[in-house]
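I have placed the structure first, in the form of structure tokens, so that the comments after it can refer back to it.
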Amino acid sequence: MTRTPFSASRIFSALVISIAVAGLAPALAAPATAAPGTAAVAEAGKGKVKLDGKLGKDHVKVNEKVDLKGNLKVLDAARADGTQTLEAVVVQQLQAGVWVDLANTSCRPNGGFSFSLSFSLSATVSLRLYHPESTLYAAAYSSSTLTLRVG
């Protein structure tokens, strides 16, 4: 009699584990088979870009606006000719070790962009520029972090 509850709990545990494994198996197997094909397509044919930006000031007061101006350069000369698309550019702030999107705009390849930012708290703010992957160009980050003192 004492073995019946113990056996039922073992059966229940085995059932839960098998359901969990069955649910995870397709999720684990799918990236392994699909990733090489999509990664090869994503890298082949994507142009490379470079983001550069500069803050108008390195120290501002709370709620004072500061301009961030920059450009999106296409590093692949073949892709730069005749491109009339608009590409996204995002300003990100480092918050608790995570890059968080603050503002976004768009610009033409080999073109300039501008942001007007303000902050409501005194702090030292770390910013970077980000270009998300598009149909023509690979993702890119600014090579340096921009530091702004707000106070």
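Residue names in the structure tokens use chain letters A, B, ... in the order shown, residue numbers from 1 in each chain, and ligand numbers from 1 in the order shown.
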Quiz prompt | Residues near range 122-132 of chain A, cut-off 6 Å, only C-alpha atoms, skip fewer than 4 positions along chain, as a ChimeraX atom specification | solution = /A:88-94,139-142,145-151
Quiz item: Using only C-alpha atoms, which residues sit within 12 Å of Asp67 in chain A once same-chain residues fewer than 4 positions away are excluded, as number ranges by chain?
Solution: A: 53-60, 91, 113-118, 148
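What separates CA of Leu86 in chain A from CA of Lys65 in chain A is a distance of 25.7 Å.
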Exercise. Write out as a PyMOL selection string each polymer residue whose atoms come within 10 Å of Thr85 in chain A, counting only C-alpha atoms; drop sequence neighbours fewer than 5 positions from it.
Key: chain A and resi 106-109+136
Given the selection you just returned, output its residues as a file containing C-alpha atoms, formatted as a short mmCIF file (atom, residue, chain, number, x, y, z; two decimals), in the first residue's frame.
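Ended up saving to selection34.cif:
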data_model
loop_
_atom_site.label_atom_id
_atom_site.label_comp_id
_atom_site.auth_asym_id
_atom_site.auth_seq_id
_atom_site.Cartn_x
_atom_site.Cartn_y
_atom_site.Cartn_z
CA SER A 106 16.10 58.09 -40.36
CA CYS A 107 18.61 59.30 -42.89
CA ARG A 108 19.88 58.41 -46.32
CA PRO A 109 23.06 56.34 -46.63
CA LEU A 136 20.42 46.44 -47.60
#
Quiz item: Taking into account only C-alpha atoms, which residue in the set A:Asn63, A:Asn110, A:Asp76, A:Ser144 is nearest to Lys46 in chain A?
Solution: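 With only C-alpha atoms as the atom set, the closest residue is A:Asp76.
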Practice problem: May I ask for the distance between CA of Glu64 in chain A and CA of Ser143 in chain A, given in Å to one decimal place? | Solution: 26.0 Å
Exercise. Figure out the distance between CA of Glu133 in chain A and CA of Val49 in chain A, please, to one decimal in Å.
Key: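 About the pair CA of Val49 in chain A and CA of Glu133 in chain A: they are 10.0 Å apart.
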